[in-house]
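Visitor: Sharing a structure, written as structure tokens. Questions coming.
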Amino acid sequence: MSFAKIPKPDDLIAIRYEPPETPWMDTPVVFRPGTWSYSGAAKNLTALGLPNPRAWQPSDEDWKLPENWQSIILEGMKERLEKHRSFRLFMDICVRCGACADKCHFYIGSGDPKNMPVLRAELLRSVYRRYFTASGKRLGRLVGARDLTVDVLKEWFYYFYQCTECRRCSVFCPYGIDQAEITMIGRELLNLVGCNINWVIEPVANCFRTGNHLGIQPGGIKDMLEFLADDIEDRTGVRVEIPLNRKGAEILFVTPSGDYFADPGTYTCMGYMMLFHEIGLDYTFSTYASDGGNFGLFTSHEMVKRLNAKIYAEAKRLGVKWILGGECGHMWRVIHQYMDTMNGPADFLEEPVSPITGTRFENARSTKMVHIAEFTADLIKNGMLKLDPSRNDAHRVTFHDSCNPARAMGLFEEPRAIISRVCNHFHEMAEDTIREKTLCCGGGAGLGNDENLEMRMRGGMPRAMAVREVREKHGVNRLACMCAIDRATLTSLMDYWVPGVTVTGVHELLANALVMTGEKERTTDLRGEPLNGKTNETL
Amino acid sequence: MKNLGISIIAVVILLMLPIGAAAAEWYSLLTVALPYGALTVFLLGFIYRVLLWAQSPVPFRITTTCGQEKSLPWIRTNSLESPSGLFGVIGRMALEILLFRSLFRNTGAEILEKRPVYGSAKWLWLFGLLLHWSLLFILLRHLRFFVEPIAPFINALSAFDGLFETGVPTLYLSDLVFLTAATALFLRRVVLVRVRYFSLPQDYFPLLLLLCTAGSGILMRHFTKVNLIKVKELATGWVSFSPVIQEGIGPLFSIHLFLVCTLLVWFPLSKLMHMGGIFLSPTRNLANDNRMRRHLNPWDAPVRVHTYEEYEDEFRDKMKTAGLPVERE
């Protein structure tokens, strides 16, 4: 990752929280390079049957909107006000107390007042007032209402693609107003007139066709898993099996494609494969349901459903009993809060029971999908795994709660139960920056692209600084997380703000410590680095 | 500052209106038509707004979880921050509504020595809570004007409220607390540049209105005394639907009554509806039991998906080459 085009950390941190002189409605948006994402390519929109495919960029003067774009958006708003109580309520009840203002990582990192969740919501709320409330229709600007113009649309685009839907503001809001919900609907509206970003829409198009965001075809998936199995054999001397599209397996395993495609996710994927081999799990990967991740969440509710449908469909085709899901953030928001409603009922599956411990996962009895951290924490608690945490002694670990497992699931203790058993040096970050108050990596919700790098480094700054604090205090050199987007974006974030800290999945740490039957004496960790950690930078 | 100016002008005009009305001796308008009209607008408006919200369904269970989910038996669930059942939800909502739980989490972020620091910032929570609770006390105390004989709990409340027995008549704590909290919240909005930047006229307005209402009430109690017998006759008249047109209780009373009526009319038209809305907030009032119980979406409709058959049709040859099983040869 090259940081040549963006300011140096020392300059970036000089953030002023003073708003500009002009009122926000009179402050037009400036598409400054490094702070926005390229437009969705026409071929991807066409592939998905989305409206207004064309060649354009946000920095263009003319966005080539359909002639009746205003009525499309206003009709869309009306429809969504009638379909989502959240939307109507959140438009109405905000008192602008400002408790959310400095909770947003993008505001903390940029000082741009329109990144305060309250004002980001006002961008949409002002239009809602103008067209859907009696006072706004009559009194206009006097009551904070404004016309829907092209400039307003551009502002929406800029700031709704500068929100990672992390829900941190909603934790602090006295009414639980969730900016993620407003951003999701804002992006739906933008999509109606063909305004979206390629880093979201290309993965969506890929996912629809090939089952995964990266567009990897069946043979490619097999090759990659085989490559990982080779690496496992090299490190441990154990050859693990690669069950793929296997009918009659007990469990379908679904993980984000980032896990088997790119470092450091691949080490986490090796971790899953080693664990499943060691406990003799009867499972299968699928090339059709080859991604649990769902960038539909960053597009529209309809797209969430379109991309998610394959998981239950594949579970049914393969005849499995239940589904196990890998480490991912937004994937788990979809699975926990949307999948059963959208594509259930999964009455053809059985209530998940761990075949190893006999534990019944009652909390997943309807959706029938278990998070791997729940599954593994149960294995460890029941003493089913032989672990040697000293193999992780070179790593001084801290844990980043990923936004969605934290604030849309409440999955806090399971990963900690695993980490504290597989490594000897575990240090929590400051209380204001973990668990339900966790700070985003700055690259979620489809913003983890390179053209948006400055904004990512700004948005990720609060997280990075919390890591820097434990690095200075405890010599932390490993940042553990349970999210594929994190594993990609936190890596650049650390390089920029806290060099010397590498990013790891929880199951990579587990696999380092996992004593496997018939293994050779391990001299390296999964990354091939010597176990004694002499090459690891220490303070 | 323009938005603040608009609110001040609006409130000044509102203060003039009842004085003018009293001068014109429109007493039936001031003391009968207006109170009934305002109350009707309030009640119908409130119900309309809540019904409008309720008309929109909750298609997805989008609880914001602020604590550990219910999962494995040996992991302690946080039933108030991440409730898995009805009792937990009731507890969570009670904490929100009675104690402003989420606002209590408030912190202030600033950059100190090139890093963000999160300091405790409980002032907003404190003044917010004081404002609402003291307002409730004041409203309940006012019941003494509406019922005869005065219910014992109202007397008990007033006695408790005047615990310190300062001044004659006794200064009510709730009055003091209310004025302090409303002033603090108003000043916060004016002084903090960041808050002022996103404040609209309708954010200053209710605070000013409340301050003037409370101010006129306190003036009547402690300085320019009004004939309380007449006030009580008026209030009991309203309640028994046999209103007595009262003349000349005094300009302060006219102002007080008029501002209360304005508030009642303003309420359902404005953000003050957060009072009703908080009960309906889907991120708070839903249990985090998503994977245990299926949530139904009333407008769920089929969507275009990419089926396995379509997938295999496209990749069949490649799958066979890779040695992967296929459904059709």
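Quick note on naming: the chains in the structure tokens go A, B, ... in the order shown, residues restart at 1 in each chain, and ligands are numbered from 1 in order of appearance.
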Pull out every residue of chain A that has at least one atom within 6 Å of chain B, counting only C-alpha atoms, and report them as a list in words.

Guide: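 My answer is Ile13, Glu82, Lys83, His84, Arg85, Ile93, Val95, Asp102, Phe172, Pro174, Tyr175, Gly176, Pro218, Gly219, Arg306, His336, Gln337, Thr341, Asn363, Ala364, Arg365, Ser366, Thr367, Arg407, Ala408, Gly410, Leu411, Phe412 and Glu436 of chain A.
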
Visitor: Which residues, written as a tab-separated table (two decimals) with C-alpha atoms, in the first residue's frame, have at least one atom at most 6 Å from range 22-34 of chain B, with only C-alpha atoms counted and residues fewer than 4 positions away on the same chain left out?

Guide:
```
chain	number	residue	atom	x	y	z
B	18	PRO	CA	-52.09	36.90	24.97
B	38	ALA	CA	-55.02	23.15	22.03
B	245	ILE	CA	-65.06	32.35	31.56
```

Visitor: Go through range 72-180 of chain B and collect every residue that DSSP, computed from the backbone, puts in strand (DSSP E); the answer should be as a compact mmCIF listing (two decimals) with C-alpha atoms, in the first residue's frame.

Guide:
```txt
# COMPACT_ATOMS: atom_id res chain seq x y z
CA THR B 107 -18.25 10.88 26.14
CA GLY B 108 -16.50 13.83 24.60
CA ALA B 109 -13.74 13.24 22.07
CA GLU B 110 -10.88 15.65 21.53
CA ILE B 111 -7.41 15.48 20.09
CA LEU B 112 -4.76 15.90 22.75
CA ARG B 115 -4.32 11.40 19.65
CA PRO B 116 -8.01 11.25 20.39
CA VAL B 117 -8.97 11.21 24.05
CA TYR B 118 -12.42 10.25 25.27
CA GLY B 119 -13.45 12.16 28.37
CA SER B 120 -16.53 11.63 30.48
```

Visitor: Name the residues of range 215-253 of chain B that come out as helix (DSSP H, G or I) in a backbone DSSP run; write them as an MDAnalysis selection string.

Guide: chainID B and resid 215:222 228:239 251:253

Visitor: So that I can check the surroundings of Arg235 in chain A, please list as a list in words every protein, DNA and RNA residue that reaches within 8 Å of it, counting only C-alpha atoms and ignoring chain neighbours fewer than 5 positions away.

Guide: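 Neighbouring residues, sequence-local ones excluded: Arg522, Thr523, Thr524, Asp525, Leu526 and Gly528 of chain A.
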
Visitor: Just the number, please: distance in Å from CA of Gly37 in chain B to CA of Ile9 in chain B, one decimal.

Guide: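 Separation of CA of Gly37 in chain B and CA of Ile9 in chain B: 24.1 Å.
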
Visitor: Neighbouring residues of range 244-254 of chain A were defined as those with any atom within 7 Å, considering only C-alpha atoms; residues of the same chain fewer than 2 positions away were excluded. Please report them as a list in words.

Guide: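 Listing them by chain and then by number gives Ile242, Asp282, Tyr283, Thr284, Phe285, Ser286, Thr287, Ala289, Ser290, Asp291, Gly292, Ala315, Leu318, Gly319, Val320, Lys321, Trp322, Ile323, Leu324, Gly325 and Gly326 of chain A; Pro325 of chain B.
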
Visitor: CA of Gly460 in chain A and CA of Cys441 in chain A are how many Å apart?

Guide: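 We find that CA of Gly460 in chain A and CA of Cys441 in chain A lie 4.8 Å from each other.
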
Visitor: Quick one: residues within 7 Å of Gly85 in chain B, only C-alpha atoms, excluding same-chain residues fewer than 3 positions away - as a list of chain:residue names?

Guide: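 Residues near the query, excluding close chain neighbours: B:Gly88, B:Val89, B:Ala287.
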
Visitor: Export, as a short mmCIF file (atom, residue, chain, number, x, y, z; two decimals), in the first residue's frame, the selected residues with N, CA and C atoms.

Guide:
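To be explicit, this is the file written out as selection-v9.cif:
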```
data_model
loop_
_atom_site.label_atom_id
_atom_site.label_comp_id
_atom_site.auth_asym_id
_atom_site.auth_seq_id
_atom_site.Cartn_x
_atom_site.Cartn_y
_atom_site.Cartn_z
N GLY B 88 -36.36 -8.75 29.50
CA GLY B 88 -35.15 -7.98 29.24
C GLY B 88 -35.46 -6.72 28.46
N VAL B 89 -36.34 -6.85 27.46
CA VAL B 89 -36.70 -5.69 26.64
C VAL B 89 -37.39 -4.65 27.51
N ALA B 287 -36.04 -7.67 20.99
CA ALA B 287 -35.10 -8.57 21.65
C ALA B 287 -34.03 -9.01 20.66
#
```
